[in-house]
Structures are given as C-alpha cells and as structure tokens.
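Shown below: upload20.txt, with compact mmCIF, C-alpha atoms.
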# COMPACT_ATOMS: atom_id res chain seq x y z
CA MET A 1 62.74 129.55 91.10
CA GLN A 2 63.37 132.69 93.14
CA ILE A 3 65.26 132.43 96.45
CA THR A 4 65.40 135.58 98.56
CA GLU A 5 67.09 135.67 101.96
CA SER A 6 64.75 137.80 104.07
CA HIS A 7 66.40 137.66 107.49
CA THR A 8 69.64 136.55 109.17
CA GLU A 9 70.36 136.53 112.90
CA GLY A 10 73.29 134.52 114.16
CA LEU A 11 72.73 130.93 113.05
CA LYS A 12 69.11 131.59 112.08
CA HIS A 13 68.33 132.22 108.41
CA ALA A 14 64.99 132.98 106.78
CA PHE A 15 64.13 132.80 103.07
CA THR A 16 61.18 133.52 100.82
CA ILE A 17 61.10 131.04 97.96
CA VAL A 18 58.87 131.11 94.88
CA VAL A 19 58.56 128.21 92.43
CA ASP A 20 56.85 129.45 89.25
CA ALA A 21 53.56 128.00 88.06
CA GLN A 22 55.10 126.68 84.82
CA THR A 23 57.55 124.50 86.77
CA ILE A 24 54.75 123.17 88.98
CA ALA A 25 52.60 122.42 85.92
CA ALA A 26 55.45 120.63 84.16
CA ARG A 27 56.20 118.49 87.21
CA THR A 28 52.51 117.69 87.65
CA ASP A 29 52.15 116.66 84.00
CA ALA A 30 55.30 114.50 84.21
CA ARG A 31 53.96 112.70 87.29
CA LEU A 32 50.59 112.07 85.60
CA GLN A 33 52.39 110.63 82.58
CA GLN A 34 54.24 108.24 84.92
CA LEU A 35 50.93 107.14 86.43
CA ARG A 36 49.48 106.65 82.95
CA GLN A 37 52.07 103.96 82.26
CA THR A 38 51.33 101.96 85.41
CA VAL A 39 47.75 102.56 86.57
CA GLN A 40 44.96 100.17 85.49
CA ILE A 41 41.42 101.51 85.07
CA LYS A 42 38.54 99.38 83.86
CA GLY A 43 37.69 100.08 80.21
CA PHE A 44 41.15 101.31 79.26
CA ARG A 45 44.33 99.56 78.25
CA ARG A 46 47.42 100.28 80.25
CA GLY A 47 49.07 103.46 78.98
CA LYS A 48 45.90 104.63 77.19
CA VAL A 49 44.06 106.23 80.12
CA PRO A 50 43.25 109.89 79.29
CA VAL A 51 45.34 112.35 81.31
CA SER A 52 42.15 114.33 82.05
CA LEU A 53 40.70 111.27 83.81
CA LEU A 54 43.89 110.73 85.77
CA GLN A 55 43.79 114.40 86.75
CA LYS A 56 40.24 113.94 88.02
CA LEU A 57 41.05 110.75 89.96
CA TYR A 58 44.53 111.49 91.27
CA GLY A 59 45.00 115.25 90.83
CA ASP A 60 44.98 116.21 94.51
CA GLY A 61 47.41 113.45 95.47
CA VAL A 62 49.75 114.31 92.60
CA ARG A 63 49.68 118.02 93.51
CA GLY A 64 50.63 117.07 97.06
CA GLU A 65 53.55 114.97 95.82
CA VAL A 66 54.72 117.72 93.48
CA MET A 67 54.52 120.33 96.24
CA GLN A 68 56.55 118.18 98.68
CA ALA A 69 59.19 117.50 96.03
CA ALA A 70 59.34 121.20 95.11
CA LEU A 71 59.69 122.19 98.76
CA GLN A 72 62.57 119.75 99.28
CA ASP A 73 64.37 120.66 96.05
CA SER A 74 63.98 124.40 96.72
CA THR A 75 65.23 124.03 100.28
CA ASP A 76 68.27 122.07 99.07
CA SER A 77 68.95 124.75 96.45
CA ALA A 78 68.73 127.54 99.04
CA MET A 79 71.18 125.72 101.32
CA LYS A 80 73.61 125.04 98.47
CA GLN A 81 73.34 128.56 97.05
CA HIS A 82 74.20 130.14 100.42
CA ASP A 83 76.64 127.40 101.49
CA LEU A 84 74.65 126.50 104.62
CA LYS A 85 74.44 123.25 106.57
CA PRO A 86 71.11 122.78 108.41
CA ALA A 87 71.48 121.90 112.07
CA MET A 88 67.90 120.65 112.36
CA GLN A 89 64.88 120.07 110.16
CA PRO A 90 63.95 123.44 108.58
CA ARG A 91 60.59 125.03 109.28
CA ILE A 92 58.44 125.54 106.19
CA ASP A 93 55.28 127.65 105.95
CA VAL A 94 53.40 127.58 102.64
CA VAL A 95 52.13 131.08 101.78
CA LYS A 96 50.43 130.33 98.47
CA PHE A 97 49.74 127.22 96.42
CA GLU A 98 46.67 127.36 94.22
CA ASN A 99 45.76 125.88 90.84
CA ASN A 100 47.71 127.45 87.99
CA SER A 101 49.66 129.70 90.39
CA ASP A 102 53.17 129.95 91.78
CA LEU A 103 54.19 128.03 94.89
CA GLU A 104 55.38 130.49 97.51
CA PHE A 105 56.69 129.52 100.96
CA LYS A 106 58.73 130.79 103.88
CA LEU A 107 61.78 128.82 104.96
CA GLU A 108 63.37 129.21 108.41
CA VAL A 109 66.46 127.22 109.24
CA GLU A 110 69.11 127.03 111.94
CA VAL A 111 72.50 126.18 110.49
CA LEU A 112 75.65 124.63 111.84
CA PRO A 113 78.33 127.07 112.97
CA ALA A 114 81.70 127.37 111.28
CA ILE A 115 84.11 125.30 113.37
CA GLU A 116 87.89 125.41 113.10
CA PRO A 117 89.45 122.62 115.19
CA MET A 118 92.63 123.44 117.08
CA ASP A 119 96.05 121.95 116.39
CA PHE A 120 95.78 118.74 118.42
CA THR A 121 99.54 118.26 118.54
CA THR A 122 99.70 121.17 121.01
CA LEU A 123 97.47 119.38 123.51
CA LYS A 124 99.26 118.16 126.64
CA LEU A 125 97.38 115.55 128.68
CA GLU A 126 98.12 113.19 131.55
CA ARG A 127 96.88 109.62 131.68
CA PRO A 128 96.47 108.38 135.28
CA VAL A 129 98.00 104.92 135.63
CA CYS A 130 97.59 102.65 138.64
CA GLU A 131 99.44 99.36 139.02
CA VAL A 132 97.54 96.44 140.53
CA THR A 133 99.22 94.90 143.57
CA SER A 134 98.95 91.29 144.66
CA ASN A 135 97.27 92.50 147.84
CA GLU A 136 94.43 94.03 145.82
CA ALA A 137 93.81 90.70 144.10
CA ASP A 138 93.77 88.93 147.47
CA GLU A 139 91.40 91.54 148.90
CA ALA A 140 89.09 91.11 145.93
CA ILE A 141 89.10 87.34 146.42
CA GLN A 142 88.31 87.87 150.10
CA ARG A 143 85.33 90.06 149.16
CA LEU A 144 84.22 87.43 146.70
CA ALA A 145 84.44 84.81 149.43
CA GLU A 146 82.36 87.00 151.72
CA GLN A 147 79.69 87.22 149.03
CA GLN A 148 79.72 83.43 148.72
CA ARG A 149 79.58 82.92 152.48
CA ALA A 150 76.68 80.87 153.81
CA PHE A 151 74.78 81.67 157.03
CA THR A 152 73.39 79.23 159.58
CA ASP A 153 70.46 79.83 161.95
CA LYS A 154 71.62 80.44 165.50
CA ALA A 155 69.91 79.05 168.57
CA ASP A 156 66.69 80.85 169.55
CA ASP A 157 68.30 82.26 172.69
CA ALA A 158 71.52 83.36 170.92
CA GLY A 159 71.98 87.11 170.52
CA ALA A 160 73.08 88.77 167.28
CA GLU A 161 76.72 89.76 166.96
CA ASP A 162 78.71 91.87 164.56
CA GLY A 163 78.73 90.10 161.17
CA ASP A 164 75.49 88.17 161.85
CA VAL A 165 72.43 88.49 159.62
CA VAL A 166 69.20 89.46 161.37
CA VAL A 167 65.91 88.86 159.51
CA ILE A 168 63.40 91.48 160.60
CA ASP A 169 60.17 93.34 159.92
CA TYR A 170 60.38 97.09 160.51
CA ASP A 171 57.92 99.96 160.63
CA GLY A 172 59.38 103.47 160.80
CA LYS A 173 57.65 106.62 162.02
CA ILE A 174 58.56 110.28 162.34
CA ASP A 175 56.64 112.12 165.04
CA GLY A 176 54.37 109.08 165.22
CA VAL A 177 53.51 109.20 161.50
CA GLN A 178 54.54 106.51 159.02
CA PHE A 179 56.60 107.72 156.05
CA GLU A 180 56.95 106.33 152.54
CA GLY A 181 59.54 103.56 152.28
CA GLY A 182 59.76 103.20 156.06
CA LYS A 183 58.00 99.82 156.30
CA SER A 184 59.10 96.39 155.09
CA GLU A 185 58.98 92.70 155.99
CA ASN A 186 61.52 89.84 156.06
CA VAL A 187 64.49 92.11 155.46
CA SER A 188 67.97 90.65 155.95
CA VAL A 189 70.29 93.08 157.76
CA GLN A 190 73.94 92.13 158.17
CA ILE A 191 75.31 93.93 161.22
CA GLY A 192 78.43 95.92 160.48
CA GLN A 193 77.83 96.40 156.75
CA LYS A 194 76.56 99.97 157.31
CA MET A 195 73.89 99.59 154.65
CA PHE A 196 71.20 101.18 156.84
CA ILE A 197 70.78 104.51 158.59
CA PRO A 198 73.65 105.17 161.06
CA GLY A 199 72.85 103.55 164.38
CA PHE A 200 70.25 101.12 163.00
CA GLU A 201 72.46 98.05 162.68
CA GLU A 202 74.32 98.71 165.94
CA GLN A 203 71.06 98.57 167.93
CA LEU A 204 70.40 95.06 166.62
CA VAL A 205 73.44 93.68 168.47
CA GLY A 206 72.16 91.28 171.11
CA ALA A 207 68.73 90.83 169.46
CA LYS A 208 67.28 87.30 169.65
CA LYS A 209 64.70 85.43 167.61
CA GLY A 210 61.21 86.67 168.54
CA ASP A 211 62.42 89.95 170.07
CA GLU A 212 60.48 93.15 169.45
CA LYS A 213 62.55 96.30 169.73
CA GLN A 214 62.34 100.02 169.13
CA LEU A 215 65.29 101.54 167.30
CA LYS A 216 65.81 105.30 167.53
CA VAL A 217 67.85 106.84 164.73
CA THR A 218 68.46 110.17 163.01
CA PHE A 219 68.53 110.49 159.24
CA PRO A 220 71.77 112.10 158.01
CA GLU A 221 71.61 115.76 157.00
CA GLU A 222 72.79 114.78 153.50
CA TYR A 223 70.19 112.00 153.14
CA GLY A 224 68.88 111.63 149.58
CA ALA A 225 65.23 112.26 150.44
CA LYS A 226 65.25 115.87 151.63
CA HIS A 227 61.94 115.51 153.51
CA LEU A 228 63.65 112.92 155.76
CA ALA A 229 67.10 114.51 156.05
CA GLY A 230 68.03 115.36 159.63
CA LYS A 231 64.75 113.96 161.04
CA ASP A 232 64.55 111.73 164.11
CA ALA A 233 62.76 108.44 163.50
CA VAL A 234 61.62 105.45 165.53
CA PHE A 235 61.51 101.97 164.00
CA ASP A 236 59.40 99.20 165.52
CA VAL A 237 61.32 96.00 164.76
CA LYS A 238 60.35 92.33 165.05
CA VAL A 239 63.16 89.77 164.82
CA HIS A 240 62.35 86.57 162.93
CA GLN A 241 65.76 84.94 162.80
CA VAL A 242 69.42 85.44 163.65
CA ARG A 243 71.98 83.78 161.41
CA ALA A 244 75.72 83.40 161.93
CA PRO A 245 78.26 83.38 159.09
CA GLU A 246 79.97 80.09 158.32
CA ALA A 247 83.73 79.97 157.98
CA VAL A 248 85.11 80.39 154.48
CA THR A 249 88.33 78.71 153.41
CA ILE A 250 90.05 80.31 150.46
CA ASP A 251 91.92 77.47 148.77
CA ASP A 252 92.03 75.46 145.55
CA ALA A 253 88.63 73.92 146.35
CA PHE A 254 87.11 77.41 146.62
CA ALA A 255 88.62 78.33 143.25
CA GLU A 256 87.24 75.15 141.69
CA LYS A 257 83.73 76.09 142.85
CA LEU A 258 84.14 79.25 140.79
CA GLY A 259 85.23 77.28 137.72
CA LEU A 260 89.00 77.77 137.93
CA GLU A 261 91.71 75.16 138.25
CA SER A 262 93.41 76.49 141.37
CA LEU A 263 93.70 79.38 143.78
CA GLU A 264 96.67 80.67 141.80
CA LYS A 265 94.57 80.72 138.61
CA LEU A 266 91.83 82.55 140.51
CA ARG A 267 94.38 85.10 141.71
CA GLU A 268 95.64 85.61 138.14
CA ALA A 269 92.09 86.00 136.82
CA MET A 270 91.24 88.49 139.55
CA GLN A 271 94.39 90.51 138.90
CA GLU A 272 93.60 90.56 135.19
CA ARG A 273 90.04 91.74 135.85
CA ILE A 274 91.21 94.51 138.18
CA THR A 275 93.82 95.57 135.62
CA THR A 276 91.10 95.78 132.97
CA ASP A 277 88.92 97.83 135.32
CA TYR A 278 91.78 100.21 136.10
CA LYS A 279 92.56 100.67 132.40
CA SER A 280 88.90 101.44 131.73
CA ILE A 281 88.79 104.07 134.48
CA SER A 282 92.13 105.50 133.31
CA ARG A 283 90.73 105.79 129.80
CA SER A 284 87.62 107.50 131.16
CA ARG A 285 89.69 110.03 133.11
CA LEU A 286 91.89 110.75 130.08
CA LYS A 287 88.83 111.21 127.86
CA ARG A 288 87.31 113.60 130.39
CA ALA A 289 90.54 115.63 130.47
CA LEU A 290 90.58 115.73 126.67
CA LEU A 291 86.96 116.90 126.43
CA ASP A 292 87.65 119.56 129.07
CA ALA A 293 90.62 120.80 127.02
CA LEU A 294 88.61 120.80 123.77
CA ASP A 295 85.75 122.60 125.48
CA LYS A 296 88.11 125.29 126.76
CA ALA A 297 89.85 125.74 123.39
CA HIS A 298 86.74 126.06 121.18
CA ALA A 299 84.22 128.85 121.59
CA PHE A 300 81.43 129.12 119.03
CA GLU A 301 77.67 129.68 119.00
CA VAL A 302 75.52 126.57 119.05
CA PRO A 303 72.17 126.31 117.20
CA PRO A 304 69.42 127.45 119.62
CA GLY A 305 67.12 124.58 118.64
CA MET A 306 69.77 121.95 119.37
CA LEU A 307 70.57 123.64 122.69
CA SER A 308 66.90 123.77 123.67
CA ALA A 309 66.34 120.12 122.75
CA GLU A 310 69.37 118.99 124.77
CA GLU A 311 68.35 121.13 127.73
CA ASP A 312 64.83 119.64 127.66
CA GLN A 313 66.24 116.12 127.57
CA ILE A 314 68.51 116.77 130.56
CA TRP A 315 65.62 118.30 132.50
CA GLN A 316 63.38 115.32 131.77
CA GLN A 317 66.10 112.96 132.98
CA PHE A 318 66.46 115.05 136.15
CA GLN A 319 62.71 114.91 136.80
CA GLN A 320 62.66 111.15 136.24
CA GLU A 321 65.49 110.76 138.75
CA LEU A 322 63.57 112.87 141.27
CA GLN A 323 60.53 110.66 140.79
CA ARG A 324 62.65 107.51 141.20
CA ARG A 325 64.00 108.85 144.52
CA GLY A 326 60.56 109.95 145.69
CA GLN A 327 61.53 113.63 145.67
CA THR A 328 60.18 116.86 144.22
CA LEU A 329 61.73 120.19 143.24
CA ALA A 330 60.80 121.47 146.68
CA ASP A 331 63.25 118.97 148.22
CA GLN A 332 66.21 120.48 146.38
CA ASP A 333 68.69 123.00 147.77
CA LYS A 334 68.33 125.20 144.66
CA SER A 335 65.38 126.80 142.92
CA GLU A 336 64.09 125.57 139.56
CA GLU A 337 65.55 128.68 137.94
CA GLU A 338 69.00 127.97 139.39
CA LEU A 339 68.86 124.31 138.39
CA ARG A 340 67.75 125.10 134.85
CA LYS A 341 70.59 127.61 134.54
CA GLU A 342 73.12 124.95 135.56
CA TYR A 343 71.65 122.38 133.18
CA ARG A 344 71.73 124.90 130.35
CA VAL A 345 75.50 125.20 130.84
CA ILE A 346 75.78 121.40 130.70
CA ALA A 347 73.58 121.27 127.59
CA ASP A 348 75.69 123.93 125.87
CA ARG A 349 78.87 121.94 126.58
CA ARG A 350 77.36 118.71 125.28
CA VAL A 351 76.06 120.24 122.05
CA ARG A 352 79.28 122.16 121.40
CA LEU A 353 81.49 119.11 121.98
CA GLY A 354 79.17 116.96 119.88
CA LEU A 355 79.40 119.38 116.96
CA LEU A 356 83.18 119.67 117.36
CA LEU A 357 83.72 115.90 117.42
CA ALA A 358 81.46 115.49 114.38
CA GLU A 359 83.46 118.15 112.52
CA ILE A 360 86.74 116.41 113.40
CA GLY A 361 85.36 113.08 112.25
CA GLN A 362 84.09 114.45 108.94
CA ARG A 363 87.29 116.34 108.16
CA ASN A 364 89.36 113.22 108.73
CA ASN A 365 86.96 110.73 107.11
CA LEU A 366 86.59 108.74 110.34
CA THR A 367 84.09 105.89 110.41
CA VAL A 368 83.01 103.12 112.77
CA PRO A 369 84.41 99.76 111.61
CA GLU A 370 81.75 97.16 110.84
CA GLU A 371 83.31 94.72 113.29
CA ALA A 372 82.89 97.31 116.07
CA MET A 373 79.19 97.68 115.20
CA ARG A 374 78.83 93.92 115.09
CA ASP A 375 80.42 93.57 118.53
CA ALA A 376 78.11 96.27 119.91
CA LEU A 377 75.07 94.46 118.51
CA PHE A 378 76.16 91.19 120.08
CA ARG A 379 76.73 92.90 123.43
CA GLN A 380 73.21 94.28 123.24
CA ALA A 381 71.81 90.89 122.25
CA SER A 382 73.57 89.19 125.19
CA GLN A 383 71.38 91.23 127.53
CA PHE A 384 68.24 89.62 126.12
CA PRO A 385 68.81 85.84 126.13
CA GLY A 386 66.45 84.03 123.78
CA GLN A 387 65.41 87.24 122.02
CA GLU A 388 68.55 87.83 119.98
CA LYS A 389 66.79 87.44 116.62
CA LEU A 390 64.09 89.95 117.56
CA LEU A 391 66.73 92.46 118.66
CA PHE A 392 68.68 92.15 115.40
CA GLU A 393 65.46 92.64 113.42
CA TYR A 394 64.62 95.69 115.53
CA TYR A 395 67.90 97.38 114.67
CA GLN A 396 67.56 96.44 110.98
CA LYS A 397 64.13 98.10 110.81
CA ASN A 398 65.01 101.15 112.94
CA PRO A 399 67.85 103.24 111.47
CA GLN A 400 67.49 105.75 114.31
CA ALA A 401 68.10 103.05 116.93
CA LEU A 402 71.11 101.83 114.96
CA ALA A 403 72.42 105.41 114.81
CA SER A 404 72.07 105.65 118.61
CA LEU A 405 74.15 102.48 118.93
CA ARG A 406 76.76 103.85 116.54
CA ALA A 407 77.03 107.32 118.14
CA PRO A 408 79.17 106.42 121.21
CA LEU A 409 81.40 104.22 119.03
CA TYR A 410 81.93 107.11 116.63
CA GLU A 411 82.70 109.47 119.52
CA ASP A 412 85.35 107.07 120.84
CA ARG A 413 86.78 106.75 117.33
CA VAL A 414 87.23 110.53 117.15
CA VAL A 415 88.62 110.68 120.69
CA ASP A 416 91.20 108.01 119.83
CA PHE A 417 92.18 109.96 116.71
CA VAL A 418 92.79 113.15 118.71
CA LEU A 419 94.67 111.29 121.47
CA GLU A 420 97.05 109.83 118.87
CA LEU A 421 98.04 113.38 117.91
CA ALA A 422 98.11 114.85 121.42
CA GLN A 423 101.08 114.74 123.80
CA VAL A 424 99.94 112.16 126.37
CA THR A 425 102.16 111.22 129.31
CA ASP A 426 101.46 108.57 131.93
CA LYS A 427 101.10 109.73 135.53
CA PRO A 428 101.39 107.06 138.25
CA VAL A 429 98.59 107.46 140.80
CA SER A 430 97.23 105.59 143.78
CA ARG A 431 94.01 103.61 143.67
CA GLU A 432 92.24 106.38 145.63
CA GLU A 433 93.41 109.03 143.17
CA LEU A 434 92.33 106.92 140.21
CA PHE A 435 88.82 106.42 141.57
CA LYS A 436 88.38 110.04 142.65
CA GLU A 437 85.88 111.85 140.44
CA PRO A 438 87.34 114.94 138.70
CA ASP A 439 84.84 117.28 140.38
CA ASP A 440 85.28 115.81 143.89
CA GLU A 441 86.47 118.25 146.53
CA GLU A 442 88.34 117.41 149.70
Output the file's structure in the form of structure tokens.
Amino acid sequence: MQITESHTEGLKHAFTIVVDAQTIAARTDARLQQLRQTVQIKGFRRGKVPVSLLQKLYGDGVRGEVMQAALQDSTDSAMKQHDLKPAMQPRIDVVKFENNSDLEFKLEVEVLPAIEPMDFTTLKLERPVCEVTSNEADEAIQRLAEQQRAFTDKADDAGAEDGDVVVIDYDGKIDGVQFEGGKSENVSVQIGQKMFIPGFEEQLVGAKKGDEKQLKVTFPEEYGAKHLAGKDAVFDVKVHQVRAPEAVTIDDAFAEKLGLESLEKLREAMQERITTDYKSISRSRLKRALLDALDKAHAFEVPPGMLSAEEDQIWQQFQQELQRRGQTLADQDKSEEELRKEYRVIADRRVRLGLLLAEIGQRNNLTVPEEAMRDALFRQASQFPGQEKLLFEYYQKNPQALASLRAPLYEDRVVDFVLELAQVTDKPVSREELFKEPDDEE
C-alpha cells in the first residue's frame, strides 16, 4: 500500500492511495474461500464447489466487497499514519480498479483542529440567584385562580366591561382589502388582557349581545408580520355573547379542587415550583456566561464542512420560522446577505463550542450515566401516552436518534465538570434581572 499526501490546506488534506494488485487478489481469494465453506450449489457438496465457479457466480459482488474493505482500511491507515482525526466522512474518488490491476483512489478529508483547553480554574463566573418571596407564591396562586375562573352569560342588554369575555366574529381589512389571518369566528376576547392589537379590546367596552361594530386600529410598527406593521386596519365585528367573570375564593376548598390538602399546602407547592423555575433559569444564565467565556478564550479554525452544514441547518430553521409567521425575506429589515453573515457567526460559535466541549469530555473520560439516559427516555415517552413501547423500540433501532437524545446530556455533563473547577460566586438579583435575556438592551 502506498499513501502519498498530495495536498494540505488548513484542515483539508488530500491523499493518493494505491493498493497493489497482489493484495487485492489475495483478499479476493480469501473471500471466495469463505464463501466456499458456506454456499450451497446444486450438484456439489458444501465446501467442494470449485473456486472458478464461485468466481463466475459471485465475482463482481466479491470484488465490490474487497474494494470497500480496502478503501476503509487504507483510509484508516492514512489517518493513523499522519495522526489525523476526520471531522466528517471523507470523500473518496476511485481512479482505477480493473481486473488484475492496482486499486488507486483519491482521498479528501477535513480533520479536527488541535484544541488546547484553557485552565478552567482561572475562570471567574457569577451565578444569578433570586430568592422567592411569599408574595410571589400568592401572586402565582392568584393567576392560577384567574385561569380557573368561570364566566357567566350576561343579560342581552348588558354592556361589556373590563374583565368580561366577549365572543365575537371579526373580519379585518386594510384599505378595504382582506388580509391573511384577519378573519375568524367565535373568538373569545377578554377585555383588559391586551392579547389583541392595541385599541381592539378597549373598543369592545359597552358592546352588547347582537351588536355589530367597526373597530379601527393601527398595527404596531414592531408587529411580527412586516407587511402589516404600522398599517391602519378596520375590523367588522359581530358580538355573539358577553360573559362576566364569577368571583373566585382562594381558600382550602380551592386548594382541594387542585388536589392539595389545604391552601397552605398549595402555597408551599407553588413556592417550591417557583424556586425550581428560578434555579433552572439561574443555571441557564450561568451556562450562557460559561459558554461566552469559553468562546472568548478559544480561537481555532473549524472544519469548513461542519461550518457549512451548521449554517445550512440554521438557515433552514430560519426559513421555517418565516413560513410559520407568514413572512418572507422581503419582510425583514436586513438583506439575505446580511442575515446569512450573522447566521454564519452563530454557526461558527456553535461548531467551535461543540468541538471544544467534546475535547474536554474526551480528555477527562466523561460519559452520560445510564440512569440519566433512562430518565431522558422516560421523559420522551411521557409525551406520547399509550405509545411508550413504540418509542422505546424506535430508539433501540435508531442509534442516530439515541445519539441526539444523549448529546444535550453529554453537553451538560461537560458543563458541570468545568463549573466544578471554575470560581463561581452567587450574585443576588431581582426577579426582573433574573428573567432579563443576556442580549436585552434597555
């Protein structure tokens, strides 16, 4: 076998590899001898079939097997000889492979960069911590009570008030032309919830059953659908029913309806849930700060193929989101070129951090505990009641799907490892500070 490196550019390597005809012939003969021991052909006892007949019947298939095995073995040898780790599946182009001749092929491969992780003990990070007050638990219970609140039909001549639910049909137009998503029937609108366009709910105050009204509104400048943003619209509305909220008493009986022994137990459960939520958000903020620090401290080239694949995936997700919102590229504030440039930066960060975390995990022999995988599988199964068995079978038969389930668990395992070494201090923050996204601006 001859391995010649023909080209190197950054993380891209190219080789010309030749496997001599004698090696190919020996491998082919060995494979035919294996077949001779197992194949059954009428008129011959097992193991007595002439090799010439096997060559005639199975020669092409055996040559294909031998070539594939030779390609794989040669590729592995080239990687080992040059101490390279492929980042993606190598590209192979067969130049020559004829009867009684050498096998010659071109091998192109992108390899993983050399990564030297920083000293994690020098990392200084802050963990935002927010204490849950009794008022927050009470407010959460109040919101829960509001969600459980029942509504009663008001008299036909009773006008809608703030807090009432008005059941309506509406048909919206801009410059007299209907627009997509502007028409619906039997929609429940609770006045004061500010779930509709500014000014829409307010104009329903005083509406009675059977009324037909025209509501004039203006879509906000920052409205999601750019073709509607800032436009004046008129909605023809027909009122079917006006319903008033019933009083809600928050007491032990209310708690019992929710499956708890008393209001005090409900308050404890709510405080515990909020505490869990705050800890989850705090963990998320700390992880983001860690990844930002790792990103800043490690600069290395990423394999172009991995970068391109990640960029394509992000772009596809962006296009799917546009389609979900009923938008196009023309509705965006930036050109396609500008957007792609931004997403390429995001893709580069993701790939680089992914490679870094994988390197940290490998160097420190980190693995995902089986119980963690089992818990993840059960969480997935809980989302498909009655189909748990099918889901388990799916993951058993699809290693790639199982790897996708394992990936975020492995990432968290590495993150936890780094955080144990880093200097992490708790920073008391308010609820507003905790919930504020890192990139939010005042």
Using only C-alpha atoms, can you tell me which of A:Leu366, A:Ala14, A:Ile141, A:Arg46 comes closest to Leu84 (chain A)?
A:Ala14
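Shortest atom-to-atom contact with Pro428 (chain A) among A:Gln40, A:Ser282, A:Ser184, A:Gln319: A:Ser282, counting only C-alpha atoms.
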A:Pro113, A:Gly10, A:Pro245, A:Gly64: which is nearest His298 (chain A), counting only C-alpha atoms?
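Closest residue, counting only C-alpha atoms: A:Pro113.
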Using all atoms listed in the file, can you tell me which of A:Lys436, A:Arg267, A:Pro86, A:Pro50 comes closest to Ile281 (chain A)?
A:Lys436
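With all atoms listed in the file as the atoms that count, the minimum distance from Arg349 (chain A) to the choices A:Gln34, A:Gln81, A:Leu390, A:Leu294 is reached by A:Leu294.
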Between region 251-351 of chain A and region 399-423 of chain A, at 12 Å or less, what are the per-residue closest atom pairs and their distances in Å? Count all atoms listed in the file, order by chain and rising residue number, and return it as CSV.
residue,atom,partner,partner_atom,distance
A:Arg283,CA,A:Asp416,CA,10.2
A:Ser284,CA,A:Asp412,CA,10.6
A:Leu286,CA,A:Leu419,CA,9.1
A:Lys287,CA,A:Val415,CA,7.2
A:Arg288,CA,A:Val415,CA,10.2
A:Ala289,CA,A:Leu419,CA,10.8
A:Leu290,CA,A:Leu419,CA,8.0
A:Leu291,CA,A:Val415,CA,8.6
A:Ala293,CA,A:Ala422,CA,11.1
A:Leu294,CA,A:Val418,CA,10.1
List the neighbours of Val132 (chain A) out to 7 Å using all atoms listed in the file; skip same-chain residues closer than 2 positions along the sequence, and give me the result as a PyMOL selection string.
chain A and resi 130+134+136+271+275
Find the distance between CA of Arg324 (chain A) and CA of Phe435 (chain A) and write it in Å to one decimal.
26.2 Å
Applying 10 Å and only C-alpha atoms, which residues near Arg36 (chain A) remain after dropping the ones on its own chain fewer than 5 positions away? List them as a compact mmCIF listing (two decimals) with C-alpha atoms, in the frame of the given file.
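Everything below was put into part-v7.txt:
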# COMPACT_ATOMS: atom_id res chain seq x y z
CA ALA A 30 55.30 114.50 84.21
CA ARG A 31 53.96 112.70 87.29
CA ILE A 41 41.42 101.51 85.07
CA ARG A 45 44.33 99.56 78.25
CA ARG A 46 47.42 100.28 80.25
CA GLY A 47 49.07 103.46 78.98
CA LYS A 48 45.90 104.63 77.19
CA VAL A 49 44.06 106.23 80.12
CA PRO A 50 43.25 109.89 79.29
CA VAL A 51 45.34 112.35 81.31
CA LEU A 53 40.70 111.27 83.81
CA LEU A 54 43.89 110.73 85.77
Let me make sure I understand: among A:Glu104, A:Ile92, A:Gln68, A:Val111, which one has the smallest atom-to-atom distance to Val18 (chain A) if we use all atoms listed in the file?
A:Glu104
Exercise: Asp20 (chain A) partners within 7 Å, all atoms listed in the file, chain neighbours under 5 positions left out, as a list in words
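Close residues of Asp20 (chain A): Met1, Asp102 and Leu103 of chain A.
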Output of the above residues as a compact mmCIF listing (two decimals), keeping the file's coordinate frame, restricted to C-alpha atoms:
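Contents of part-v2.txt, as written:
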# COMPACT_ATOMS: atom_id res chain seq x y z
CA MET A 1 62.74 129.55 91.10
CA ASP A 102 53.17 129.95 91.78
CA LEU A 103 54.19 128.03 94.89
If you count all atoms listed in the file, which residues fall within 9 Å of Ser77 (chain A), apart from same-chain ones fewer than 5 positions away, as a list in words?
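Residues meeting the cut-off are Ile3, Gln72 and His82 of chain A.
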For region 284-295 of chain A in the structure I just supplied, write out N, CA and C atoms - as a PDB file, in the first residue's frame.
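Full text of decode_10.pdb as output:
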ATOM      1  N   SER A 284     -29.331  28.272  33.572  1.00  0.00           N
ATOM      2  CA  SER A 284     -29.247  28.638  32.162  1.00  0.00           C
ATOM      3  C   SER A 284     -28.377  29.875  31.967  1.00  0.00           C
ATOM      4  N   ARG A 285     -28.541  30.874  32.845  1.00  0.00           N
ATOM      5  CA  ARG A 285     -27.748  32.097  32.743  1.00  0.00           C
ATOM      6  C   ARG A 285     -26.261  31.809  33.016  1.00  0.00           C
ATOM      7  N   LEU A 286     -26.001  30.962  34.009  1.00  0.00           N
ATOM      8  CA  LEU A 286     -24.618  30.610  34.336  1.00  0.00           C
ATOM      9  C   LEU A 286     -23.974  29.839  33.180  1.00  0.00           C
ATOM     10  N   LYS A 287     -24.726  28.933  32.586  1.00  0.00           N
ATOM     11  CA  LYS A 287     -24.204  28.164  31.450  1.00  0.00           C
ATOM     12  C   LYS A 287     -23.898  29.091  30.287  1.00  0.00           C
ATOM     13  N   ARG A 288     -24.784  30.051  30.030  1.00  0.00           N
ATOM     14  CA  ARG A 288     -24.549  31.005  28.948  1.00  0.00           C
ATOM     15  C   ARG A 288     -23.271  31.799  29.205  1.00  0.00           C
ATOM     16  N   ALA A 289     -23.080  32.247  30.450  1.00  0.00           N
ATOM     17  CA  ALA A 289     -21.874  33.004  30.795  1.00  0.00           C
ATOM     18  C   ALA A 289     -20.624  32.147  30.607  1.00  0.00           C
ATOM     19  N   LEU A 290     -20.730  30.874  30.976  1.00  0.00           N
ATOM     20  CA  LEU A 290     -19.593  29.969  30.804  1.00  0.00           C
ATOM     21  C   LEU A 290     -19.255  29.793  29.330  1.00  0.00           C
ATOM     22  N   LEU A 291     -20.277  29.532  28.508  1.00  0.00           N
ATOM     23  CA  LEU A 291     -20.032  29.333  27.079  1.00  0.00           C
ATOM     24  C   LEU A 291     -19.462  30.594  26.440  1.00  0.00           C
ATOM     25  N   ASP A 292     -19.942  31.761  26.884  1.00  0.00           N
ATOM     26  CA  ASP A 292     -19.386  33.020  26.377  1.00  0.00           C
ATOM     27  C   ASP A 292     -17.894  33.119  26.717  1.00  0.00           C
ATOM     28  N   ALA A 293     -17.549  32.748  27.951  1.00  0.00           N
ATOM     29  CA  ALA A 293     -16.151  32.821  28.389  1.00  0.00           C
ATOM     30  C   ALA A 293     -15.284  31.823  27.618  1.00  0.00           C
ATOM     31  N   LEU A 294     -15.805  30.611  27.410  1.00  0.00           N
ATOM     32  CA  LEU A 294     -15.055  29.600  26.656  1.00  0.00           C
ATOM     33  C   LEU A 294     -14.882  30.034  25.201  1.00  0.00           C
ATOM     34  N   ASP A 295     -15.929  30.618  24.649  1.00  0.00           N
ATOM     35  CA  ASP A 295     -15.872  31.090  23.271  1.00  0.00           C
ATOM     36  C   ASP A 295     -14.791  32.164  23.117  1.00  0.00           C
TER      37      ASP A 295
END
